[in-house]
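Shown next: structure.pdb, given as PDB, C-alpha atoms.
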MODEL        1
ATOM      1  CA  MET L 511     -23.793  -4.220 -14.010
ATOM      2  CA  ILE L 512     -26.255  -3.165 -11.308
ATOM      3  CA  TYR L 513     -25.029  -5.997  -9.082
ATOM      4  CA  PHE L 514     -21.484  -4.712  -9.377
ATOM      5  CA  TYR L 515     -22.467  -1.252  -8.118
ATOM      6  CA  VAL L 516     -24.507  -2.728  -5.277
ATOM      7  CA  PHE L 517     -21.611  -4.911  -4.209
ATOM      8  CA  PHE L 518     -19.254  -1.941  -4.516
ATOM      9  CA  ILE L 519     -21.393   0.144  -2.137
ATOM     10  CA  VAL L 520     -21.828  -2.737   0.332
ATOM     11  CA  PHE L 521     -18.108  -3.403   0.310
ATOM     12  CA  PHE L 522     -17.467   0.303   0.952
ATOM     13  CA  PHE L 523     -19.649   0.312   4.070
ATOM     14  CA  LEU L 524     -18.150  -2.965   5.289
ATOM     15  CA  ILE L 525     -14.683  -1.379   5.283
ATOM     16  CA  LEU L 526     -16.005   1.628   7.204
ATOM     17  CA  GLN L 527     -17.648  -0.673   9.727
ATOM     18  CA  ALA L 528     -14.457  -2.728  10.114
ATOM     19  CA  VAL L 529     -12.447   0.443  10.803
ATOM     20  CA  ALA L 530     -15.012   1.578  13.377
ATOM     21  CA  PHE L 531     -14.951  -1.681  15.319
ATOM     22  CA  LEU L 532     -11.168  -1.911  15.050
ATOM     23  CA  THR L 533     -10.866   1.425  16.857
ATOM     24  CA  LEU L 534     -13.355   0.199  19.462
ATOM     25  CA  MET L 535     -11.375  -3.001  20.001
ATOM     26  CA  GLU L 536      -8.152  -1.024  20.227
ATOM     27  CA  ARG L 537      -9.578   1.285  22.890
ATOM     28  CA  HIS L 538     -10.853  -1.686  24.927
ATOM     29  CA  LEU L 539      -7.555  -3.569  24.711
ATOM     30  CA  LEU L 540      -5.495  -0.480  25.538
ATOM     31  CA  GLY L 541      -7.769   0.152  28.494
ATOM     32  CA  GLY L 542      -7.374  -3.432  29.677
ATOM     33  CA  SER L 543      -3.584  -3.233  29.368
ATOM     34  CA  GLN L 544      -3.642  -0.232  31.725
ATOM     35  CA  SER L 545      -6.136  -1.775  34.193
ATOM     36  CA  ARG L 546      -8.956   0.576  33.254
ATOM     37  CA  LEU L 547     -12.205   0.359  31.339
ATOM     38  CA  GLY L 548     -12.502   1.298  27.724
ATOM     39  CA  PRO L 549     -15.683   2.725  26.152
ATOM     40  CA  ASN L 550     -18.620   1.153  28.032
ATOM     41  CA  LYS L 551     -21.357   3.794  28.307
ATOM     42  CA  VAL L 552     -22.828   4.284  24.813
ATOM     43  CA  GLY L 553     -24.742   1.195  23.756
ATOM     44  CA  TYR L 554     -24.101  -2.308  25.044
ATOM     45  CA  LEU L 555     -20.474  -2.422  26.258
ATOM     46  CA  GLY L 556     -19.769   0.694  24.208
ATOM     47  CA  PHE L 557     -20.605  -0.827  20.816
ATOM     48  CA  LEU L 558     -22.194   2.421  19.643
ATOM     49  CA  GLN L 559     -19.277   4.549  20.814
ATOM     50  CA  CYS L 560     -17.439   4.403  17.476
ATOM     51  CA  MET L 561     -20.559   5.453  15.561
ATOM     52  CA  PHE L 562     -21.261   8.451  17.777
ATOM     53  CA  ASP L 563     -17.594   9.460  17.751
ATOM     54  CA  GLY L 564     -17.728   9.511  13.964
ATOM     55  CA  LEU L 565     -20.931  11.548  13.914
ATOM     56  CA  LYS L 566     -19.471  14.014  16.383
ATOM     57  CA  LEU L 567     -16.354  14.399  14.253
ATOM     58  CA  ILE L 568     -18.320  14.953  11.044
ATOM     59  CA  LYS L 569     -20.551  17.566  12.712
ATOM     60  CA  LYS L 570     -17.548  19.705  13.578
ATOM     61  CA  GLU L 571     -16.837  22.753  11.474
ATOM     62  CA  TYR L 572     -14.586  22.155   8.484
ATOM     63  CA  LEU L 573     -11.987  24.898   8.623
ATOM     64  CA  LEU L 574     -10.260  26.105   5.463
ATOM     65  CA  ILE L 575      -7.005  27.834   6.314
ATOM     66  CA  PHE L 576      -6.731  31.309   4.812
ATOM     67  CA  ASN L 577      -3.268  30.750   3.296
ATOM     68  CA  SER L 578      -3.909  27.178   2.173
ATOM     69  CA  TYR L 579      -4.616  25.995  -1.373
ATOM     70  CA  PHE L 580      -8.352  25.447  -0.950
ATOM     71  CA  VAL L 581      -9.147  22.866  -3.642
ATOM     72  CA  SER L 582      -5.990  20.815  -3.103
ATOM     73  CA  PHE L 583      -6.333  21.095   0.686
ATOM     74  CA  PHE L 584      -9.823  19.613   0.452
ATOM     75  CA  MET L 585      -8.979  16.912  -2.117
ATOM     76  CA  VAL L 586      -5.899  15.440  -0.420
ATOM     77  CA  PRO L 587      -7.859  13.514   2.298
ATOM     78  CA  VAL L 588     -10.433  12.414  -0.299
ATOM     79  CA  MET L 589      -7.802  11.014  -2.669
ATOM     80  CA  GLY L 590      -5.971   9.369   0.234
ATOM     81  CA  PHE L 591      -9.156   7.566   1.235
ATOM     82  CA  ILE L 592      -9.848   6.493  -2.360
ATOM     83  CA  SER L 593      -6.337   5.052  -2.712
ATOM     84  CA  MET L 594      -6.870   3.048   0.499
ATOM     85  CA  PHE L 595     -10.156   1.711  -0.866
ATOM     86  CA  PHE L 596      -8.535   0.638  -4.147
ATOM     87  CA  LEU L 597      -5.986  -1.462  -2.264
ATOM     88  CA  TRP L 598      -8.679  -3.904  -1.189
ATOM     89  CA  PHE L 599      -9.323  -4.922  -4.797
ATOM     90  CA  THR L 600      -5.922  -6.602  -5.041
ATOM     91  CA  LEU L 601      -6.448  -9.399  -2.521
ATOM     92  CA  PRO L 602      -7.340 -12.930  -3.731
ATOM     93  CA  TYR L 603     -10.735 -13.413  -2.089
ATOM     94  CA  PHE L 604     -12.567 -16.706  -1.838
ATOM     95  CA  PHE L 605     -14.390 -15.701  -4.998
ATOM     96  CA  SER L 606     -12.463 -14.262  -7.955
ATOM     97  CA  PHE L 607     -14.840 -11.331  -8.459
ATOM     98  CA  PHE L 608     -12.158  -8.642  -8.177
ATOM     99  CA  SER L 609      -9.072 -10.684  -9.040
ATOM    100  CA  PHE L 610      -6.894  -9.606 -11.923
ATOM    101  CA  TYR L 611      -3.533 -10.798 -13.109
ATOM    102  CA  TYR L 612      -1.345  -7.788 -12.268
ATOM    103  CA  SER L 613      -2.904  -7.115  -8.862
ATOM    104  CA  SER L 614       0.456  -7.137  -7.056
ATOM    105  CA  ILE L 615       1.912  -4.514  -9.406
ATOM    106  CA  PHE L 616      -1.235  -2.454  -8.993
ATOM    107  CA  MET L 617      -0.874  -2.725  -5.198
ATOM    108  CA  LEU L 618       2.711  -1.446  -5.270
ATOM    109  CA  CYS L 619       1.671   1.467  -7.502
ATOM    110  CA  VAL L 620      -1.211   2.440  -5.196
ATOM    111  CA  ILE L 621       0.987   2.247  -2.082
ATOM    112  CA  SER L 622       3.602   4.459  -3.698
ATOM    113  CA  PHE L 623       0.902   6.856  -4.879
ATOM    114  CA  SER L 624      -0.782   7.058  -1.455
ATOM    115  CA  SER L 625       2.459   8.080   0.246
ATOM    116  CA  TYR L 626       2.390  11.369  -1.616
ATOM    117  CA  PHE L 627      -0.790  12.428   0.168
ATOM    118  CA  VAL L 628       1.030  12.544   3.497
ATOM    119  CA  PHE L 629       3.552  14.928   1.989
ATOM    120  CA  LEU L 630       0.996  16.946   0.021
ATOM    121  CA  SER L 631      -1.249  17.395   3.053
ATOM    122  CA  GLY L 632       1.586  19.273   4.748
ATOM    123  CA  ILE L 633       2.370  21.341   1.645
ATOM    124  CA  PHE L 634      -1.187  22.379   0.748
ATOM    125  CA  SER L 635      -1.990  23.395   4.317
ATOM    126  CA  ASN L 636       0.716  26.066   3.886
ATOM    127  CA  SER L 637       1.701  25.703   7.534
ATOM    128  CA  LYS L 638       5.297  25.342   8.635
ATOM    129  CA  TYR L 639       4.374  22.756  11.270
ATOM    130  CA  GLY L 640       2.339  20.727   8.830
ATOM    131  CA  PHE L 641       5.056  21.065   6.200
ATOM    132  CA  LEU L 642       7.799  19.786   8.517
ATOM    133  CA  GLY L 643       5.574  16.958   9.734
ATOM    134  CA  GLY L 644       4.739  15.989   6.161
ATOM    135  CA  ILE L 645       8.412  15.903   5.178
ATOM    136  CA  ARG L 646       9.371  13.650   8.077
ATOM    137  CA  SER L 647       6.425  11.297   7.597
ATOM    138  CA  SER L 648       6.895  11.043   3.832
ATOM    139  CA  ILE L 649      10.613  10.294   4.194
ATOM    140  CA  GLN L 650       9.727   7.386   6.455
ATOM    141  CA  SER L 651       7.110   6.089   4.012
ATOM    142  CA  PHE L 652       9.254   6.466   0.884
ATOM    143  CA  SER L 653      12.254   4.779   2.484
ATOM    144  CA  TYR L 654      10.433   1.721   3.738
ATOM    145  CA  GLU L 655       8.391   1.281   0.581
ATOM    146  CA  ILE L 656      11.616   0.481  -1.243
ATOM    147  CA  ALA L 657      12.377  -2.368   1.141
ATOM    148  CA  PHE L 658       8.718  -3.438   1.223
ATOM    149  CA  SER L 659       8.607  -3.681  -2.575
ATOM    150  CA  ILE L 660      11.692  -5.895  -2.612
ATOM    151  CA  TYR L 661      10.116  -8.285  -0.093
ATOM    152  CA  VAL L 662       6.933  -8.435  -2.168
ATOM    153  CA  LEU L 663       9.029  -9.277  -5.244
ATOM    154  CA  CYS L 664      10.360 -12.304  -3.357
ATOM    155  CA  PHE L 665       6.820 -13.702  -3.239
ATOM    156  CA  LEU L 666       6.226 -12.945  -6.911
ATOM    157  CA  ILE L 667       9.433 -14.721  -7.886
ATOM    158  CA  PHE L 668       8.569 -17.752  -5.785
ATOM    159  CA  TYR L 669       5.064 -18.134  -7.215
ATOM    160  CA  ASN L 670       6.089 -16.952 -10.696
ATOM    161  CA  GLU L 671       2.879 -14.923 -10.840
ATOM    162  CA  PHE L 672       1.878 -11.252 -10.774
ATOM    163  CA  PHE L 673      -1.076 -11.703  -8.434
ATOM    164  CA  PHE L 674      -1.173 -12.732  -4.797
ATOM    165  CA  VAL L 675      -1.541 -16.422  -4.062
ATOM    166  CA  SER L 676      -2.301 -17.653  -0.561
ATOM    167  CA  GLY L 677      -0.183 -20.436   0.802
ATOM    168  CA  PHE L 678       2.101 -21.634   3.560
ATOM    169  CA  TYR L 679       5.693 -22.627   2.847
ATOM    170  CA  PHE L 680       8.545 -23.097   5.271
ATOM    171  CA  ILE L 681      10.861 -21.044   3.065
ATOM    172  CA  PHE L 682       8.832 -17.937   3.924
ATOM    173  CA  ILE L 683      10.057 -18.084   7.525
ATOM    174  CA  PHE L 684      12.884 -15.779   6.424
ATOM    175  CA  LEU L 685      10.343 -13.118   5.501
ATOM    176  CA  VAL L 686       7.881 -13.202   8.406
ATOM    177  CA  PHE L 687       9.516 -10.905  10.954
ATOM    178  CA  PRO L 688      11.059  -8.335   8.575
ATOM    179  CA  PHE L 689       7.800  -8.145   6.604
ATOM    180  CA  PHE L 690       5.797  -7.578   9.792
ATOM    181  CA  PHE L 691       8.090  -4.801  10.998
ATOM    182  CA  LEU L 692       8.062  -3.189   7.564
ATOM    183  CA  ILE L 693       4.271  -3.035   7.820
ATOM    184  CA  LEU L 694       4.549  -1.326  11.210
ATOM    185  CA  MET L 695       7.011   1.190   9.836
ATOM    186  CA  ASP L 696       5.115   1.875   6.635
ATOM    187  CA  LEU L 697       1.856   2.381   8.558
ATOM    188  CA  HIS L 698       3.464   4.629  11.180
ATOM    189  CA  ARG L 699       2.460   2.372  14.045
ATOM    190  CA  VAL L 700       4.071   2.223  17.478
ATOM    191  CA  PRO L 701       7.013   2.112  18.074
ATOM    192  CA  PHE L 702       7.578   3.834  14.715
ATOM    193  CA  ASP L 703       4.713   6.348  14.872
ATOM    194  CA  PHE L 704       6.814   9.407  14.130
ATOM    195  CA  SER L 705       4.047  11.029  12.103
ATOM    196  CA  GLU L 706       1.658  10.839  15.079
ATOM    197  CA  CYS L 707       4.186  11.441  17.846
ATOM    198  CA  GLU L 708       4.068  15.094  16.901
ATOM    199  CA  GLY L 709       0.552  15.028  18.327
ATOM    200  CA  GLU L 710       2.147  15.889  21.648
ATOM    201  CA  LEU L 711       3.056  19.203  20.024
ATOM    202  CA  VAL L 712       1.087  20.136  16.905
ATOM    203  CA  SER L 713      -0.195  16.820  15.417
ATOM    204  CA  GLY L 714       2.260  16.719  12.514
ATOM    205  CA  TYR L 715       1.157  16.763   8.886
ATOM    206  CA  ASN L 716      -2.586  16.757   9.702
ATOM    207  CA  VAL L 717      -2.482  19.645  12.161
ATOM    208  CA  GLU L 718      -4.674  21.900   9.990
ATOM    209  CA  PHE L 719      -7.299  19.268   9.120
ATOM    210  CA  SER L 720     -10.590  19.040  10.959
ATOM    211  CA  SER L 721     -14.028  17.457  10.655
ATOM    212  CA  VAL L 722     -14.428  15.411   7.439
ATOM    213  CA  GLY L 723     -10.818  15.969   6.318
ATOM    214  CA  PHE L 724      -9.374  14.566   9.522
ATOM    215  CA  ALA L 725     -11.940  11.734   9.503
ATOM    216  CA  LEU L 726     -10.864  10.664   5.997
ATOM    217  CA  LEU L 727      -7.182  10.694   6.996
ATOM    218  CA  PHE L 728      -8.036   8.626  10.066
ATOM    219  CA  LEU L 729     -10.092   6.142   8.037
ATOM    220  CA  SER L 730      -7.291   5.836   5.491
ATOM    221  CA  GLU L 731      -4.752   5.016   8.186
ATOM    222  CA  TYR L 732      -6.824   2.304   9.863
ATOM    223  CA  GLY L 733      -8.120   0.975   6.550
ATOM    224  CA  ASN L 734      -4.527   0.473   5.428
ATOM    225  CA  LEU L 735      -3.807  -1.288   8.721
ATOM    226  CA  LEU L 736      -6.639  -3.759   8.122
ATOM    227  CA  TYR L 737      -5.522  -4.307   4.533
ATOM    228  CA  PHE L 738      -1.869  -4.964   5.314
ATOM    229  CA  MET L 739      -2.733  -7.373   8.113
ATOM    230  CA  MET L 740      -4.984  -9.245   5.704
ATOM    231  CA  LEU L 741      -2.184  -9.268   3.128
ATOM    232  CA  PHE L 742       0.209 -10.582   5.787
ATOM    233  CA  VAL L 743      -2.154 -13.425   6.674
ATOM    234  CA  VAL L 744      -2.806 -14.257   3.009
ATOM    235  CA  LEU L 745       0.883 -14.494   2.140
ATOM    236  CA  PHE L 746       2.098 -16.376   5.212
ATOM    237  CA  PHE L 747      -0.805 -18.222   6.844
ATOM    238  CA  ASN L 748      -3.155 -19.216   4.032
ATOM    239  CA  TYR L 749      -6.252 -17.199   4.942
ATOM    240  CA  SER L 750      -6.429 -17.974   8.656
ATOM    241  CA  PHE L 751      -8.947 -15.477  10.010
ATOM    242  CA  LEU L 752      -8.101 -16.494  13.564
ATOM    243  CA  LEU L 753      -4.518 -15.429  12.974
ATOM    244  CA  TYR L 754      -5.818 -12.254  11.334
ATOM    245  CA  TYR L 755      -7.514 -11.174  14.557
ATOM    246  CA  LEU L 756      -4.491 -12.352  16.522
ATOM    247  CA  MET L 757      -2.137 -10.161  14.479
ATOM    248  CA  LEU L 758      -4.398  -7.149  15.007
ATOM    249  CA  MET L 759      -4.227  -7.790  18.740
ATOM    250  CA  VAL L 760      -0.443  -8.100  18.528
ATOM    251  CA  ILE L 761      -0.212  -4.663  16.899
ATOM    252  CA  ILE L 762      -2.381  -3.178  19.646
ATOM    253  CA  PHE L 763      -0.291  -4.961  22.289
ATOM    254  CA  ILE L 764       2.869  -3.460  20.788
ATOM    255  CA  ARG L 765       1.293  -0.013  21.038
ATOM    256  CA  SER L 766       0.534  -0.529  24.726
ATOM    257  CA  SER L 767       3.914  -2.031  25.651
ATOM    258  CA  PHE L 768       6.843  -0.553  23.755
ATOM    259  CA  PRO L 769       8.326   2.953  23.833
ATOM    260  CA  ARG L 770       8.854   4.996  20.709
ATOM    261  CA  TYR L 771      12.009   4.395  18.695
ATOM    262  CA  ARG L 772      14.453   7.108  17.652
ATOM    263  CA  PHE L 773      13.955   8.516  14.166
ATOM    264  CA  ASP L 774      17.603   8.398  13.134
ATOM    265  CA  LYS L 775      17.960   4.802  14.292
ATOM    266  CA  MET L 776      14.796   3.821  12.439
ATOM    267  CA  MET L 777      16.162   5.239   9.191
ATOM    268  CA  SER L 778      19.489   3.483   9.804
ATOM    269  CA  VAL L 779      17.678   0.179  10.274
ATOM    270  CA  CYS L 780      15.918   0.742   6.950
ATOM    271  CA  TRP L 781      18.983   1.490   4.829
ATOM    272  CA  PHE L 782      21.602  -0.671   6.588
ATOM    273  CA  ASP L 783      19.561  -3.684   7.781
ATOM    274  CA  PHE L 784      16.188  -4.244   6.110
ATOM    275  CA  LEU L 785      17.204  -3.143   2.630
ATOM    276  CA  PRO L 786      20.429  -5.242   2.354
ATOM    277  CA  TYR L 787      18.649  -8.227   3.922
ATOM    278  CA  GLY L 788      15.822  -7.846   1.417
ATOM    279  CA  ILE L 789      18.281  -7.746  -1.492
ATOM    280  CA  TYR L 790      19.972 -10.917  -0.215
ATOM    281  CA  LEU L 791      16.615 -12.673   0.074
ATOM    282  CA  PHE L 792      15.642 -11.488  -3.386
ATOM    283  CA  PHE L 793      18.668 -13.178  -4.984
ATOM    284  CA  PHE L 794      18.204 -16.215  -2.721
ATOM    285  CA  PHE L 795      14.646 -16.722  -3.972
ATOM    286  CA  LEU L 796      15.798 -16.076  -7.523
ATOM    287  CA  LEU L 797      18.477 -18.783  -7.286
ATOM    288  CA  PHE L 798      16.041 -21.083  -5.482
ATOM    289  CA  ILE L 799      13.590 -20.894  -8.376
ATOM    290  CA  ILE L 800      16.308 -21.255 -11.044
ATOM    291  CA  TYR L 801      17.897 -24.333  -9.515
TER     292      TYR L 801
ENDMDL
END
This structure in structure tokens:
Amino acid sequence: MIYFYVFFIVFFFLILQAVAFLTLMERHLLGGSQSRLGPNKVGYLGFLQCMFDGLKLIKKEYLLIFNSYFVSFFMVPVMGFISMFFLWFTLPYFFSFFSFYYSSIFMLCVISFSSYFVFLSGIFSNSKYGFLGGIRSSIQSFSYEIAFSIYVLCFLIFYNEFFFVSGFYFIFIFLVFPFFFLILMDLHRVPFDFSECEGELVSGYNVEFSSVGFALLFLSEYGNLLYFMMLFVVLFFNYSFLLYYLMLMVIIFIRSSFPRYRFDKMMSVCWFDFLPYGIYLFFFFLLFIIY
């Protein structure tokens, strides 16, 4: 049992380290795309920049808004981070230490559960700007989780299992591009970053969070990005770590190259394009397995 707790703690710090270096890589690549340098002063080539940025953020004063619900306001970022951490237990690693049979169902439940924290963070802050930002961000998450769940069910039907199996099949070519864009939309990444685009005004649902609360929300967002890219590589490319890093670079390249989409068009694409296409693919895979 002691080895389990040790591995749990090590795995926890590995995720934090991966998020830190992902932000560092993103800042370097965004700087290179704009013909400027990224972080290069702290440590060798800026390798210590992410650590000192985190320490600076944690040292800031944690403000509790007078009209907010104190306990719930404090617990929302904590529970959001815990739900992100639980997602990593659903992937089929090289060793079957964390594998369990209904891991895919558990993953869908955790994703649906984690979307509520975006909405609740706006409610418990008791701020009209945070409330409106939380409503808009949660609508985006709830809508695309429906389509995302249908695409995941296509994999479960094909493998006839309730846990994720890595593999590469030509039939999955129908799922690659819609699944990738659903990940972008569910994670609020450019060009669908409507939860963060309010940062030009009031920072959206997390406007009232500071210090540790904001850090946990930030870690949850980038931890989910790392998880979903790993899930994408597991399902389509059979554990190719080279393609894993390549897909992370593609996401950063999209952020540096494409303008933001319109919110109403994004919701139309969800309900009139991705969702019907997902339903068609669901019945296609069902008939493919039957016959």
Do a neighbour search on L:Phe724 at 10 Å with only C-alpha atoms, toss out local chain neighbours closer than 5 positions, and write the hits as a PyMOL selection string. chain L and resi 567-568+572+587+716-719+729-730
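The protein and nucleic acid residues lying at most 9 Å from stretch 525-534 of chain L are Val520, Leu539, Gly548, Pro549, Gly556, Phe557, Gln559, Cys560, Met561, Gly564, Phe595, Leu729, Tyr732, Gly733, Leu736 and Leu758 of chain L, with all atoms listed in the file considered and sequence neighbours fewer than 5 positions away removed.
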Please expand the PyMOL selection byres ((chain L and resi 625-640) around 10) into the concrete residues it hits in this file, giving the result as a PyMOL selection string. chain L and resi 574-591+593+620-624+641-652+655+696+705+708+711-719+727
Nearby residues (only C-alpha atoms) at most 8 Å from stretch 764-770 of chain L, same-chain spacing under 5 positions excluded, as a compact mmCIF listing (two decimals) with C-alpha atoms, keeping the file's coordinate frame:
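Okay, this is what ended up in around10.txt:
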# COMPACT_ATOMS: atom_id res chain seq x y z
CA LEU L 540 -5.50 -0.48 25.54
CA SER L 543 -3.58 -3.23 29.37
CA ARG L 699 2.46 2.37 14.04
CA VAL L 700 4.07 2.22 17.48
CA PRO L 701 7.01 2.11 18.07
CA PHE L 702 7.58 3.83 14.72
CA ASP L 703 4.71 6.35 14.87
Given the file shown, determine the residues that the PyMOL selection byres ((chain L and resi 780-788) around 8) selects; report them as a PyMOL selection string. chain L and resi 653-654+656-657+660-661+688+776-779+789-792
Point-to-point distance in Å for atom CA of L:Val744 and atom CA of L:Phe674: 8.1 Å
Using all atoms listed in the file: which of L:Met757, L:Met594, L:Ile799, L:Ile683 has the shortest distance to L:Glu731: L:Met594
Need to verify the contact set: L:Leu666, 12 Å, only C-alpha atoms, exclusion of same-chain residues closer than 2 positions in sequence. Can you return it as JSON, numbers by chain? {"L": [611, 612, 613, 614, 615, 659, 660, 661, 662, 663, 664, 668, 669, 670, 671, 672, 673, 674, 675, 676, 745, 792, 795, 796, 799]}
Keeping only C-alpha atoms, write the selected residues to a file as a short mmCIF file (atom, residue, chain, number, x, y, z; two decimals), keeping the file's coordinate frame.
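Written file, out.cif:
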data_model
loop_
_atom_site.label_atom_id
_atom_site.label_comp_id
_atom_site.auth_asym_id
_atom_site.auth_seq_id
_atom_site.Cartn_x
_atom_site.Cartn_y
_atom_site.Cartn_z
CA TYR L 611 -3.53 -10.80 -13.11
CA TYR L 612 -1.34 -7.79 -12.27
CA SER L 613 -2.90 -7.12 -8.86
CA SER L 614 0.46 -7.14 -7.06
CA ILE L 615 1.91 -4.51 -9.41
CA SER L 659 8.61 -3.68 -2.58
CA ILE L 660 11.69 -5.90 -2.61
CA TYR L 661 10.12 -8.28 -0.09
CA VAL L 662 6.93 -8.44 -2.17
CA LEU L 663 9.03 -9.28 -5.24
CA CYS L 664 10.36 -12.30 -3.36
CA PHE L 668 8.57 -17.75 -5.78
CA TYR L 669 5.06 -18.13 -7.22
CA ASN L 670 6.09 -16.95 -10.70
CA GLU L 671 2.88 -14.92 -10.84
CA PHE L 672 1.88 -11.25 -10.77
CA PHE L 673 -1.08 -11.70 -8.43
CA PHE L 674 -1.17 -12.73 -4.80
CA VAL L 675 -1.54 -16.42 -4.06
CA SER L 676 -2.30 -17.65 -0.56
CA LEU L 745 0.88 -14.49 2.14
CA PHE L 792 15.64 -11.49 -3.39
CA PHE L 795 14.65 -16.72 -3.97
CA LEU L 796 15.80 -16.08 -7.52
CA ILE L 799 13.59 -20.89 -8.38
#
Have a look at L:Ile761, L:Leu756, L:Leu597, L:Leu573 and name the one nearest to L:His698; count only C-alpha atoms.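 So, comparing all the options, the nearest one is L:Ile761.
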Residues proximal to (0.8, -15.2, 6.6) were defined as those with any atom within 9 Å of that point in the file's coordinates, counting only C-alpha atoms. Which are they, as a PyMOL selection string? chain L and resi 676-678+682+686+739-750+753-754
Next, write the just-selected residues to a file, as a tab-separated table (two decimals), in the frame of the given file, keeping C-alpha atoms as the atom set.
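Just written: selection_15.tsv:
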chain	number	residue	atom	x	y	z
L	676	SER	CA	-2.30	-17.65	-0.56
L	677	GLY	CA	-0.18	-20.44	0.80
L	678	PHE	CA	2.10	-21.63	3.56
L	682	PHE	CA	8.83	-17.94	3.92
L	686	VAL	CA	7.88	-13.20	8.41
L	739	MET	CA	-2.73	-7.37	8.11
L	740	MET	CA	-4.98	-9.24	5.70
L	741	LEU	CA	-2.18	-9.27	3.13
L	742	PHE	CA	0.21	-10.58	5.79
L	743	VAL	CA	-2.15	-13.42	6.67
L	744	VAL	CA	-2.81	-14.26	3.01
L	745	LEU	CA	0.88	-14.49	2.14
L	746	PHE	CA	2.10	-16.38	5.21
L	747	PHE	CA	-0.80	-18.22	6.84
L	748	ASN	CA	-3.16	-19.22	4.03
L	749	TYR	CA	-6.25	-17.20	4.94
L	750	SER	CA	-6.43	-17.97	8.66
L	753	LEU	CA	-4.52	-15.43	12.97
L	754	TYR	CA	-5.82	-12.25	11.33
Give me, please, the distance in Å between atom CA of L:Gly542 and atom CA of L:Asn734, quoted to one decimal.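 Answer for the atom CA of L:Gly542 to atom CA of L:Asn734 separation: 24.7 Å.
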Atomic separation - atom CA of L:Phe665 relative to atom CA of L:Phe689, Å: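 Between atom CA of L:Phe689 and atom CA of L:Phe665 the gap is 11.3 Å.
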Restricting the calculation to all atoms listed in the file: of L:Leu697, L:Leu735, L:Ala725, L:Ile762, which residue gets closest to L:Asp563?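 Selected residue with least distance to L:Asp563: L:Ala725.
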Report, as AutoDock Vina command-line options, the axis-aligned box around all atoms of stretch 743-761 of chain L present in the file, extended by 3 Å on each side; give centre and edge lengths in Å to one decimal place.
--center_x -3.4 --center_y -11.9 --center_z 10.4 --size_x 17.0 --size_y 20.6 --size_z 22.6
